[in-house]
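Peer 1: My structure is in my_file27.tsv, and what it holds is TSV, C-alpha atoms (C1' of nucleotides) and all ligand atoms:
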```tsv
chain	number	residue	atom	x	y	z
A	22	MET	CA	30.65	-41.02	-40.48
A	23	LEU	CA	30.46	-37.41	-41.49
A	24	HIS	CA	34.00	-36.16	-41.35
A	25	ILE	CA	36.64	-35.11	-43.86
A	26	THR	CA	39.45	-37.57	-44.50
A	27	ARG	CA	43.12	-37.22	-43.70
A	28	ARG	CA	43.81	-36.66	-47.36
A	29	GLY	CA	41.55	-33.63	-47.27
A	30	ASP	CA	43.20	-32.30	-44.17
A	31	TYR	CA	46.71	-32.86	-45.54
A	32	ALA	CA	45.75	-31.12	-48.76
A	33	ILE	CA	44.59	-28.08	-46.83
A	34	ARG	CA	47.70	-28.07	-44.66
A	35	GLY	CA	49.90	-28.16	-47.72
A	36	MET	CA	47.97	-25.51	-49.59
A	37	VAL	CA	47.99	-23.16	-46.61
A	38	TYR	CA	51.73	-23.71	-46.37
A	39	LEU	CA	52.23	-22.90	-50.04
A	40	ALA	CA	50.12	-19.78	-49.61
A	41	GLY	CA	52.43	-18.72	-46.81
A	42	GLN	CA	55.52	-18.91	-49.02
A	43	PRO	CA	56.80	-16.09	-51.23
A	44	ALA	CA	54.48	-15.67	-54.20
A	45	ASP	CA	56.32	-17.62	-56.89
A	46	LYS	CA	58.76	-19.67	-54.92
A	47	VAL	CA	58.85	-23.28	-56.12
A	48	THR	CA	58.45	-25.38	-52.98
A	49	LEU	CA	59.98	-28.82	-52.62
A	50	LEU	CA	57.60	-31.63	-51.72
A	51	GLY	CA	59.97	-32.68	-48.96
A	52	ASP	CA	59.99	-29.25	-47.39
A	53	MET	CA	56.24	-29.04	-47.49
A	54	ALA	CA	55.83	-32.54	-46.03
A	55	ALA	CA	58.14	-31.71	-43.15
A	56	ALA	CA	56.36	-28.45	-42.45
A	57	VAL	CA	52.88	-29.94	-42.40
A	58	GLU	CA	53.87	-33.16	-40.62
A	59	ALA	CA	52.70	-35.56	-43.31
A	60	SER	CA	54.41	-38.43	-45.09
A	61	PRO	CA	56.04	-37.21	-48.32
A	62	ALA	CA	54.67	-40.24	-50.15
A	63	ILE	CA	51.08	-39.49	-49.35
A	64	LEU	CA	51.45	-35.77	-49.83
A	65	ALA	CA	52.90	-36.47	-53.28
A	66	LYS	CA	49.80	-38.41	-54.27
A	67	ILE	CA	47.54	-35.62	-53.07
A	68	PHE	CA	49.45	-32.87	-54.82
A	69	GLN	CA	49.71	-34.79	-58.06
A	70	HIS	CA	45.96	-34.69	-58.08
A	71	LEU	CA	45.74	-31.03	-57.10
A	72	SER	CA	48.12	-30.36	-59.96
A	73	LYS	CA	45.91	-32.17	-62.43
A	74	VAL	CA	42.95	-30.10	-61.29
A	75	GLY	CA	44.97	-26.91	-61.60
A	76	LEU	CA	44.98	-25.82	-57.98
A	77	VAL	CA	48.78	-26.04	-58.04
A	78	SER	CA	51.40	-26.01	-60.76
A	79	SER	CA	54.20	-28.54	-60.62
A	80	TYR	CA	57.70	-28.61	-62.07
A	81	ARG	CA	59.83	-31.69	-62.43
A	82	GLY	CA	63.55	-32.13	-62.29
A	83	THR	CA	66.19	-30.14	-60.51
A	84	GLY	CA	64.70	-27.02	-58.96
A	85	GLY	CA	61.25	-28.49	-59.38
A	86	GLY	CA	58.40	-28.49	-56.91
A	87	PHE	CA	54.96	-26.97	-56.41
A	88	VAL	CA	53.48	-23.47	-56.64
A	89	LEU	CA	49.91	-22.31	-56.17
A	90	GLY	CA	48.03	-22.52	-59.42
A	91	ARG	CA	46.20	-19.29	-58.73
A	92	PRO	CA	46.53	-16.32	-56.39
A	93	ALA	CA	45.83	-17.30	-52.78
A	94	GLU	CA	42.78	-15.06	-52.65
A	95	ALA	CA	41.23	-17.02	-55.53
A	96	ILE	CA	41.37	-20.46	-53.93
A	97	THR	CA	38.74	-21.43	-51.37
A	98	LEU	CA	38.65	-24.15	-48.75
A	99	LEU	CA	35.68	-25.67	-50.53
A	100	GLU	CA	37.64	-26.09	-53.73
A	101	ILE	CA	40.49	-27.86	-52.00
A	102	VAL	CA	38.24	-30.21	-50.06
A	103	GLU	CA	36.12	-31.07	-53.08
A	104	ALA	CA	39.16	-31.52	-55.29
A	105	VAL	CA	40.52	-34.17	-52.95
A	106	GLU	CA	37.39	-35.80	-51.58
A	107	GLY	CA	34.95	-35.27	-54.38
A	108	PRO	CA	31.86	-33.11	-54.08
A	109	ILE	CA	30.36	-32.67	-50.63
A	110	ILE	CA	27.16	-34.69	-50.67
A	111	LEU	CA	25.51	-35.21	-47.31
A	112	ASN	CA	23.04	-37.88	-48.34
A	113	ARG	CA	22.74	-39.97	-51.45
A	114	CYS	CA	19.49	-38.38	-52.52
A	115	LEU	CA	21.55	-35.29	-53.30
A	116	ILE	CA	23.75	-37.06	-55.84
A	117	ALA	CA	21.08	-36.70	-58.49
A	118	LYS	CA	17.34	-36.48	-58.69
A	119	GLY	CA	15.90	-39.98	-58.49
A	120	THR	CA	18.86	-41.63	-56.81
A	121	CYS	CA	16.65	-42.31	-53.83
A	122	GLY	CA	13.19	-42.70	-55.32
A	123	ARG	CA	11.51	-41.29	-52.25
A	124	ASP	CA	12.88	-37.82	-52.87
A	125	SER	CA	9.66	-36.57	-54.42
A	126	PHE	CA	7.71	-36.96	-51.20
A	127	CYS	CA	10.37	-37.36	-48.48
A	128	PRO	CA	10.13	-34.52	-45.97
A	129	VAL	CA	13.77	-34.93	-44.97
A	130	HIS	CA	15.18	-34.61	-48.46
A	131	PRO	CA	15.01	-30.79	-48.65
A	132	VAL	CA	16.54	-30.50	-45.20
A	133	TRP	CA	19.70	-32.24	-46.33
A	134	GLY	CA	19.78	-29.98	-49.34
A	135	ARG	CA	19.63	-26.90	-47.17
A	136	VAL	CA	22.27	-28.09	-44.72
A	137	GLN	CA	24.57	-29.12	-47.55
A	138	GLU	CA	24.31	-25.80	-49.32
A	139	LYS	CA	24.97	-23.89	-46.11
A	140	MET	CA	28.00	-25.99	-45.50
A	141	ARG	CA	29.35	-25.52	-48.98
A	142	SER	CA	28.76	-21.79	-48.92
A	143	MET	CA	30.54	-21.45	-45.58
A	144	LEU	CA	33.58	-23.32	-46.84
A	145	GLY	CA	33.47	-21.29	-50.03
A	146	GLU	CA	33.89	-18.09	-48.03
A	147	TYR	CA	37.37	-18.88	-46.77
A	148	THR	CA	40.25	-18.30	-49.15
A	149	LEU	CA	43.86	-19.35	-48.77
A	150	LYS	CA	44.72	-15.71	-48.33
A	151	ASP	CA	42.48	-15.50	-45.25
A	152	LEU	CA	43.95	-18.68	-43.85
A	153	ALA	CA	47.59	-17.91	-44.51
A	154	GLY	CA	47.12	-14.48	-42.99
A	155	LYS	CA	49.03	-12.61	-45.65
B	9	MET	CA	33.74	-38.79	-47.39
B	10	LEU	CA	31.40	-36.44	-45.60
B	11	HIS	CA	28.03	-38.05	-45.86
B	12	ILE	CA	25.62	-39.75	-43.49
B	13	THR	CA	25.40	-43.53	-43.69
B	14	ARG	CA	22.48	-45.67	-44.72
B	15	ARG	CA	21.92	-46.56	-41.10
B	16	GLY	CA	21.42	-42.91	-40.32
B	17	ASP	CA	19.04	-42.46	-43.19
B	18	TYR	CA	17.05	-45.60	-42.32
B	19	ALA	CA	16.81	-44.46	-38.72
B	20	ILE	CA	15.37	-41.14	-39.82
B	21	ARG	CA	12.95	-42.79	-42.22
B	22	GLY	CA	11.69	-45.06	-39.47
B	23	MET	CA	11.40	-42.32	-36.90
B	24	VAL	CA	9.50	-40.07	-39.27
B	25	TYR	CA	7.18	-42.97	-39.99
B	26	LEU	CA	6.59	-43.58	-36.28
B	27	ALA	CA	5.90	-39.88	-35.80
B	28	GLY	CA	3.27	-40.12	-38.50
B	29	GLN	CA	1.39	-42.89	-36.71
B	30	PRO	CA	-1.32	-42.33	-34.07
B	31	ALA	CA	0.31	-41.08	-30.88
B	32	ASP	CA	0.57	-44.29	-28.88
B	33	LYS	CA	0.11	-46.95	-31.48
B	34	VAL	CA	2.63	-49.74	-31.11
B	35	THR	CA	4.12	-50.22	-34.58
B	36	LEU	CA	5.39	-53.56	-35.82
B	37	LEU	CA	8.94	-53.65	-37.08
B	38	GLY	CA	7.73	-55.40	-40.21
B	39	ASP	CA	5.19	-52.71	-41.00
B	40	MET	CA	7.75	-50.00	-40.51
B	41	ALA	CA	10.34	-51.80	-42.64
B	42	ALA	CA	7.85	-52.19	-45.48
B	43	ALA	CA	6.80	-48.56	-45.28
B	44	VAL	CA	10.33	-47.17	-45.33
B	45	GLU	CA	11.70	-49.68	-47.84
B	46	ALA	CA	14.43	-51.11	-45.63
B	47	SER	CA	15.33	-54.67	-44.71
B	48	PRO	CA	13.60	-55.66	-41.45
B	49	ALA	CA	16.84	-57.21	-40.21
B	50	ILE	CA	18.83	-54.04	-40.49
B	51	LEU	CA	16.04	-51.83	-39.24
B	52	ALA	CA	15.78	-54.08	-36.18
B	53	LYS	CA	19.43	-53.47	-35.34
B	54	ILE	CA	19.03	-49.76	-35.70
B	55	PHE	CA	15.92	-49.56	-33.58
B	56	GLN	CA	17.35	-51.79	-30.89
B	57	HIS	CA	19.95	-49.12	-30.49
B	58	LEU	CA	17.50	-46.25	-30.61
B	59	SER	CA	15.57	-48.06	-27.92
B	60	LYS	CA	18.63	-48.32	-25.72
B	61	VAL	CA	19.22	-44.62	-26.08
B	62	GLY	CA	15.59	-43.88	-25.26
B	63	LEU	CA	14.51	-42.33	-28.53
B	64	VAL	CA	11.95	-45.12	-28.88
B	65	SER	CA	10.27	-47.51	-26.48
B	66	SER	CA	9.98	-51.15	-27.44
B	67	TYR	CA	7.61	-53.91	-26.39
B	68	ARG	CA	8.19	-57.59	-26.92
B	69	GLY	CA	5.78	-60.41	-27.51
B	70	THR	CA	2.39	-60.48	-29.12
B	71	GLY	CA	1.20	-56.97	-29.79
B	72	GLY	CA	4.72	-55.69	-29.33
B	73	GLY	CA	6.63	-53.21	-31.44
B	74	PHE	CA	7.99	-49.67	-31.27
B	75	VAL	CA	6.66	-46.29	-30.13
B	76	LEU	CA	8.39	-42.92	-30.00
B	77	GLY	CA	10.16	-42.51	-26.70
B	78	ARG	CA	9.16	-38.85	-26.47
B	79	PRO	CA	6.66	-36.56	-28.13
B	80	ALA	CA	7.53	-35.93	-31.78
B	81	GLU	CA	8.14	-32.24	-31.13
B	82	ALA	CA	10.83	-33.15	-28.62
B	83	ILE	CA	13.00	-35.24	-30.95
B	84	THR	CA	15.31	-33.52	-33.41
B	85	LEU	CA	17.03	-34.74	-36.55
B	86	LEU	CA	20.36	-34.09	-34.87
B	87	GLU	CA	19.54	-36.47	-32.04
B	88	ILE	CA	18.60	-39.27	-34.37
B	89	VAL	CA	21.65	-38.88	-36.55
B	90	GLU	CA	24.03	-38.66	-33.62
B	91	ALA	CA	22.38	-41.59	-31.85
B	92	VAL	CA	23.05	-43.82	-34.83
B	93	GLU	CA	26.29	-42.45	-36.21
B	94	GLY	CA	27.92	-40.99	-33.15
B	95	PRO	CA	28.57	-37.28	-32.70
B	96	ILE	CA	29.02	-35.17	-35.80
B	97	ILE	CA	32.70	-34.31	-35.92
B	98	LEU	CA	33.94	-32.76	-39.15
B	99	ASN	CA	37.66	-33.09	-38.49
B	100	ARG	CA	39.59	-34.99	-35.90
B	101	CYS	CA	40.91	-31.88	-34.22
B	102	LEU	CA	37.36	-31.36	-32.98
B	103	ILE	CA	37.25	-34.67	-31.11
B	104	ALA	CA	39.14	-33.16	-28.21
B	105	LYS	CA	41.68	-30.43	-27.64
B	106	GLY	CA	45.12	-31.80	-28.47
B	107	THR	CA	43.99	-34.62	-30.74
B	108	CYS	CA	45.77	-32.90	-33.58
B	109	GLY	CA	48.68	-31.09	-31.94
B	110	ARG	CA	48.58	-28.28	-34.47
B	111	ASP	CA	45.25	-27.00	-33.19
B	112	SER	CA	46.84	-24.24	-31.13
B	113	PHE	CA	48.21	-22.43	-34.17
B	114	CYS	CA	46.33	-23.96	-37.12
B	115	PRO	CA	44.29	-21.29	-38.92
B	116	VAL	CA	41.88	-23.88	-40.30
B	117	HIS	CA	40.97	-25.42	-36.97
B	118	PRO	CA	38.47	-22.72	-35.92
B	119	VAL	CA	36.86	-22.82	-39.34
B	120	TRP	CA	35.91	-26.47	-38.92
B	121	GLY	CA	34.56	-25.65	-35.49
B	122	ARG	CA	32.31	-22.96	-36.92
B	123	VAL	CA	31.05	-25.07	-39.80
B	124	GLN	CA	30.40	-28.02	-37.50
B	125	GLU	CA	28.42	-25.96	-35.03
B	126	LYS	CA	26.32	-24.42	-37.78
B	127	MET	CA	25.57	-27.84	-39.12
B	128	ARG	CA	24.60	-29.24	-35.74
B	129	SER	CA	22.42	-26.27	-34.94
B	130	MET	CA	20.62	-26.53	-38.27
B	131	LEU	CA	19.87	-30.22	-37.73
B	132	GLY	CA	18.82	-29.45	-34.18
B	133	GLU	CA	16.12	-27.13	-35.44
B	134	TYR	CA	14.10	-29.80	-37.18
B	135	THR	CA	11.85	-31.94	-35.00
B	136	LEU	CA	9.98	-35.08	-35.96
B	137	LYS	CA	6.80	-33.08	-35.65
B	138	ASP	CA	7.98	-30.71	-38.37
B	139	LEU	CA	9.01	-33.59	-40.58
B	140	ALA	CA	5.92	-35.73	-40.10
B	141	GLY	CA	3.76	-32.71	-40.75
B	142	LYS	CA	1.32	-33.35	-37.92
C	5	DC	C1'	74.68	-38.34	-69.04
C	6	DC	C1'	73.82	-37.88	-64.33
C	7	DA	C1'	71.58	-36.13	-60.30
C	8	DT	C1'	67.19	-34.36	-58.97
C	9	DA	C1'	62.35	-34.23	-58.29
C	10	DT	C1'	57.57	-34.93	-59.63
C	11	DA	C1'	54.09	-38.32	-62.26
C	12	DA	C1'	51.73	-42.41	-62.28
C	13	DG	C1'	50.15	-46.52	-60.88
C	14	DA	C1'	50.45	-51.03	-58.50
C	15	DC	C1'	49.89	-52.93	-54.19
C	16	DC	C1'	48.80	-53.86	-49.32
C	17	DT	C1'	46.55	-53.36	-44.69
C	18	DT	C1'	43.13	-51.70	-41.64
C	19	DT	C1'	38.74	-49.77	-40.67
C	20	DT	C1'	34.07	-48.88	-41.67
C	21	DT	C1'	29.84	-49.99	-43.63
C	22	DG	C1'	26.14	-52.88	-45.04
C	23	DA	C1'	23.82	-56.93	-44.42
C	24	DT	C1'	22.32	-61.60	-42.73
C	25	DC	C1'	21.59	-65.34	-39.46
C	26	DC	C1'	20.83	-67.65	-35.24
C	27	DT	C1'	19.54	-67.95	-30.54
C	28	DA	C1'	17.53	-65.87	-26.30
C	29	DT	C1'	13.99	-63.61	-23.89
C	30	DA	C1'	9.71	-61.36	-22.90
C	31	DT	C1'	4.60	-61.11	-23.59
C	32	DT	C1'	0.04	-62.41	-24.77
C	33	DG	C1'	-3.83	-65.44	-25.31
C	34	DC	C1'	-5.65	-69.95	-25.01
D	13	DG	C1'	1.52	-74.33	-18.66
D	14	DC	C1'	2.15	-73.87	-23.56
D	15	DA	C1'	2.33	-72.17	-28.12
D	16	DA	C1'	2.64	-68.17	-30.98
D	17	DT	C1'	4.52	-63.70	-31.46
D	18	DA	C1'	7.95	-60.14	-31.62
D	19	DT	C1'	12.04	-57.65	-30.06
D	20	DA	C1'	17.10	-58.27	-27.99
D	21	DG	C1'	21.54	-59.42	-28.77
D	22	DG	C1'	25.45	-61.33	-30.64
D	23	DA	C1'	28.17	-63.79	-34.21
D	24	DT	C1'	29.41	-63.67	-38.71
D	25	DC	C1'	30.44	-62.26	-43.54
D	26	DA	C1'	31.35	-59.51	-47.70
D	27	DA	C1'	32.16	-55.21	-49.89
D	28	DA	C1'	33.90	-50.71	-49.91
D	29	DA	C1'	36.62	-46.90	-48.36
D	30	DA	C1'	40.65	-45.06	-46.24
D	31	DG	C1'	45.43	-44.85	-45.20
D	32	DG	C1'	49.74	-45.75	-46.53
D	33	DT	C1'	54.01	-47.85	-49.07
D	34	DC	C1'	56.74	-48.96	-53.05
D	35	DT	C1'	58.42	-49.18	-57.75
D	36	DT	C1'	58.94	-47.45	-62.18
D	37	DA	C1'	58.54	-43.61	-65.50
D	38	DT	C1'	59.63	-38.96	-67.12
D	39	DA	C1'	61.16	-34.26	-67.26
D	40	DT	C1'	64.83	-30.78	-66.09
D	41	DG	C1'	69.20	-28.54	-65.32
D	42	DG	C1'	73.93	-28.60	-65.27
E	1	LIG	S1	16.42	-38.16	-46.93
E	1	LIG	FE1	14.57	-38.96	-47.94
E	1	LIG	S2	15.02	-38.66	-50.11
E	1	LIG	FE2	16.97	-38.49	-49.05
E	1	LIG	S3	17.85	-40.54	-49.08
E	1	LIG	FE3	16.70	-40.38	-47.16
E	1	LIG	S4	14.68	-41.16	-47.67
E	1	LIG	FE4	15.67	-40.76	-49.62
E	2	LIG	S1	42.43	-28.37	-39.33
E	2	LIG	FE1	44.37	-27.86	-38.37
E	2	LIG	S2	44.06	-28.44	-36.24
E	2	LIG	FE2	42.45	-29.44	-37.38
E	2	LIG	S3	43.26	-31.47	-37.90
E	2	LIG	FE3	43.77	-30.15	-39.62
E	2	LIG	S4	45.81	-29.38	-39.12
E	2	LIG	FE4	44.99	-30.23	-37.22
```
Write the structure described by the file as C-alpha cells, please.
Peer 2:
Amino acid sequence: MLHITRRGDYAIRGMVYLAGQPADKVTLLGDMAAAVEASPAILAKIFQHLSKVGLVSSYRGTGGGFVLGRPAEAITLLEIVEAVEGPIILNRCLIAKGTCGRDSFCPVHPVWGRVQEKMRSMLGEYTLKDLAGK
Amino acid sequence: MLHITRRGDYAIRGMVYLAGQPADKVTLLGDMAAAVEASPAILAKIFQHLSKVGLVSSYRGTGGGFVLGRPAEAITLLEIVEAVEGPIILNRCLIAKGTCGRDSFCPVHPVWGRVQEKMRSMLGEYTLKDLAGK
DNA sequence: CCATATAAGACCTTTTTGATCCTATATTGC
DNA sequence: GCAATATAGGATCAAAAAGGTCTTATATGG
C-alpha cells in the first residue's frame, strides 16, 4: 500500500534520539523506548537488527545499551529505512531484470525505475545530524 | 514494505492497453486479460472499480466491454495508482494532522511530506498517452 | 555469584493482499 | 419474448505481511 512500516518509523525515531544524545553515551533501551513512545520489546527487536548491520553498537550487561555505530553525519535516512524494511523497491520488476518478463517492452517499467531512484536519492540526502539538529 | 501491489500494476497494464486501442473501440475484458497476462477474474474486479471512479466506461451485454473514460492524455499514472490503491501516503503522520501526535516537533515528519509530494508529482507527469506512445 | 541489560528466537493475532466463484443485471440479435 | 453475451457485485478462501508479546540465553560489572 506504499507506505513505510511502524518498524521503520520506530527505527528512525530511536536513531534520531540516539543522535541527540552526547556523542558516546551508552543509552538504555528503556530510556530510548520511553522517549520515542514505542514498546521496549519491539524496539529491542529493531535495534538488535540495526546492531547486526552496524548502524548501532550494543553493549550487554550492567551499564550496557546502544550507541550510534557511526558519526551522525555518516548515517542517512535511507540506510535506516532499508536496514529495517529491506531495499526500497517500488514494483517487482525492479527486484531484478526478468522478474516480470514484460520489462523489456513495458513502457511503465522505466518510470518506476526513475521514481524509485529519485526517492532513494532524496532519502539518502538526510543524515542523522541534519535530523537531530546538532 | 513500500511497493505498489499487483492490483495497481494490473490496473496500469490494462489501462495502457486500452490507451493503445483505437479511440472508441469497446474492448472485451477477456482480450485485455490475455494481452496483459492477468487473470480475467481479478482484472474484472479492478476494472469494475475503475469504472465506478470514472477512469473507464463499461458496457454490458453483447458487444460490451471497456473504454477509457477520458482521453488518454488526460489520465495520469498517479490517478490510476491512487484509484486502485488509495492515496499514496508514505507515513501515517501524513494521513492527517495529529494522526501521529509527534508531528508538531518531529524533524522527520516534513521529510516524508517532501518525498511524498515529489513522488506524487512525478507520477502525475506521466499520462496514458505518453505510455501508450500514440 | 548476582543483578543488569541486550541477543535471539518462538509464538500469536490482526490486517492486507491475491485470487476464485457464484449470482444478478443489462444489452443485443433473432 | 428469449437466448446468448458480458460486466456488476458480493461472498468466500488462502497466503503473506505486519505488529506485537514472551521466554530463554548470554555477556558484563561489581
Ligand atoms: S511496470 Fe511493466 S515491467 Fe514492471 S511489473 Fe508492471 S508490467 Fe512488469
Ligand atoms: S515521522 Fe515523526 S511525525 Fe511522522 S509518524 Fe514518524 S514520528 Fe510521527
Peer 1: By how many Å are CA of Gly51 (chain A) and CA of Ser78 (chain A) apart?
Peer 2: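 Those two atoms sit 16.0 Å apart.
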Peer 1: Dig up all the protein and nucleic acid residues within 6 Å of (53.7, -19.4, -56.7) in the file frame, using all atoms listed in the file, and format them as a PyMOL selection string.
Peer 2: chain A and resi 44-46+88-89
Peer 1: Can you pull out every residue with an atom within 8 Å of ligand LIG 2 (chain E)? Use only C-alpha atoms (C1' of nucleotides) and all ligand atoms and format it as a ChimeraX atom specification.
Peer 2: /A:30-31,33-34,57 /B:99-102,107-120
Peer 1: May I ask which of the residues B:Val34, B:Ile83, B:Ala43, B:Met130 is the closest one to ligand LIG 1 (chain E), counting only C-alpha atoms and all ligand atoms?
Peer 2: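 That would be B:Ala43, the residue with the smallest distance to ligand LIG 1 (chain E).
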Peer 1: Set up a box along x, y and z of the file covering all listed atoms of ligand LIG 1 (chain E), add 5 Å on every one of the six sides, and write the centre and edge lengths in Å to one decimal, as lines of an AutoDock Vina configuration file.
Peer 2:
```
center_x = 16.2
center_y = -39.7
center_z = -48.5
size_x = 13.3
size_y = 13.0
size_z = 13.2
```
Peer 1: Mind pulling up the distance from C1' of DT33 (chain D) to C1' of DC16 (chain C)?
Peer 2: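 Separation between C1' of DC16 (chain C) and C1' of DT33 (chain D): 8.0 Å.
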Peer 1: Restricting the calculation to only C-alpha atoms (C1' of nucleotides), which member of A:Ala62, A:Ile110, A:Ala55, A:Ala93 is positioned closest to chain C?
Peer 2: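 The closest residue to chain C is A:Ala62.
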Peer 1: If I only have part of region 104-118 of chain B, can you fill in N, CA, C and O atoms and write it as a PDB file, keeping the file's coordinate frame?
Peer 2:
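Saved result, rebuild_38.pdb, follows:
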```
ATOM      1  N   ALA B 104      38.747 -33.688 -29.517  1.00  0.00           N
ATOM      2  CA  ALA B 104      39.140 -33.160 -28.210  1.00  0.00           C
ATOM      3  C   ALA B 104      40.335 -32.254 -28.431  1.00  0.00           C
ATOM      4  O   ALA B 104      41.072 -32.406 -29.416  1.00  0.00           O
ATOM      5  N   LYS B 105      40.539 -31.318 -27.529  1.00  0.00           N
ATOM      6  CA  LYS B 105      41.680 -30.430 -27.640  1.00  0.00           C
ATOM      7  C   LYS B 105      42.954 -31.266 -27.584  1.00  0.00           C
ATOM      8  O   LYS B 105      43.105 -32.115 -26.717  1.00  0.00           O
ATOM      9  N   GLY B 106      43.859 -31.066 -28.517  1.00  0.00           N
ATOM     10  CA  GLY B 106      45.120 -31.800 -28.470  1.00  0.00           C
ATOM     11  C   GLY B 106      45.143 -33.044 -29.352  1.00  0.00           C
ATOM     12  O   GLY B 106      46.193 -33.634 -29.529  1.00  0.00           O
ATOM     13  N   THR B 107      44.004 -33.436 -29.869  1.00  0.00           N
ATOM     14  CA  THR B 107      43.990 -34.620 -30.740  1.00  0.00           C
ATOM     15  C   THR B 107      44.879 -34.387 -31.950  1.00  0.00           C
ATOM     16  O   THR B 107      45.495 -35.320 -32.459  1.00  0.00           O
ATOM     17  N   CYS B 108      44.943 -33.151 -32.400  1.00  0.00           N
ATOM     18  CA  CYS B 108      45.770 -32.900 -33.580  1.00  0.00           C
ATOM     19  C   CYS B 108      47.167 -32.383 -33.256  1.00  0.00           C
ATOM     20  O   CYS B 108      48.119 -32.732 -33.901  1.00  0.00           O
ATOM     21  N   GLY B 109      47.330 -31.551 -32.265  1.00  0.00           N
ATOM     22  CA  GLY B 109      48.680 -31.090 -31.940  1.00  0.00           C
ATOM     23  C   GLY B 109      48.994 -29.761 -32.605  1.00  0.00           C
ATOM     24  O   GLY B 109      49.732 -28.946 -32.079  1.00  0.00           O
ATOM     25  N   ARG B 110      48.378 -29.553 -33.781  1.00  0.00           N
ATOM     26  CA  ARG B 110      48.580 -28.280 -34.470  1.00  0.00           C
ATOM     27  C   ARG B 110      47.441 -27.314 -34.149  1.00  0.00           C
ATOM     28  O   ARG B 110      47.421 -26.181 -34.631  1.00  0.00           O
ATOM     29  N   ASP B 111      46.470 -27.793 -33.375  1.00  0.00           N
ATOM     30  CA  ASP B 111      45.250 -27.000 -33.190  1.00  0.00           C
ATOM     31  C   ASP B 111      45.503 -25.640 -32.549  1.00  0.00           C
ATOM     32  O   ASP B 111      44.724 -24.707 -32.726  1.00  0.00           O
ATOM     33  N   SER B 112      46.607 -25.517 -31.808  1.00  0.00           N
ATOM     34  CA  SER B 112      46.840 -24.240 -31.130  1.00  0.00           C
ATOM     35  C   SER B 112      47.227 -23.124 -32.091  1.00  0.00           C
ATOM     36  O   SER B 112      46.988 -21.953 -31.826  1.00  0.00           O
ATOM     37  N   PHE B 113      47.799 -23.476 -33.230  1.00  0.00           N
ATOM     38  CA  PHE B 113      48.210 -22.430 -34.170  1.00  0.00           C
ATOM     39  C   PHE B 113      47.594 -22.579 -35.558  1.00  0.00           C
ATOM     40  O   PHE B 113      47.747 -21.719 -36.408  1.00  0.00           O
ATOM     41  N   CYS B 114      46.870 -23.695 -35.788  1.00  0.00           N
ATOM     42  CA  CYS B 114      46.330 -23.960 -37.120  1.00  0.00           C
ATOM     43  C   CYS B 114      45.190 -23.003 -37.449  1.00  0.00           C
ATOM     44  O   CYS B 114      44.212 -22.913 -36.711  1.00  0.00           O
ATOM     45  N   PRO B 115      45.320 -22.269 -38.557  1.00  0.00           N
ATOM     46  CA  PRO B 115      44.290 -21.290 -38.920  1.00  0.00           C
ATOM     47  C   PRO B 115      42.997 -21.942 -39.398  1.00  0.00           C
ATOM     48  O   PRO B 115      41.961 -21.274 -39.468  1.00  0.00           O
ATOM     49  N   VAL B 116      43.052 -23.213 -39.749  1.00  0.00           N
ATOM     50  CA  VAL B 116      41.880 -23.880 -40.300  1.00  0.00           C
ATOM     51  C   VAL B 116      41.016 -24.476 -39.194  1.00  0.00           C
ATOM     52  O   VAL B 116      39.804 -24.628 -39.336  1.00  0.00           O
ATOM     53  N   HIS B 117      41.653 -24.798 -38.097  1.00  0.00           N
ATOM     54  CA  HIS B 117      40.970 -25.420 -36.970  1.00  0.00           C
ATOM     55  C   HIS B 117      39.661 -24.700 -36.578  1.00  0.00           C
ATOM     56  O   HIS B 117      38.599 -25.326 -36.535  1.00  0.00           O
ATOM     57  N   PRO B 118      39.716 -23.400 -36.321  1.00  0.00           N
ATOM     58  CA  PRO B 118      38.470 -22.720 -35.920  1.00  0.00           C
ATOM     59  C   PRO B 118      37.399 -22.727 -37.005  1.00  0.00           C
ATOM     60  O   PRO B 118      36.211 -22.685 -36.692  1.00  0.00           O
TER      61      PRO B 118
END
```
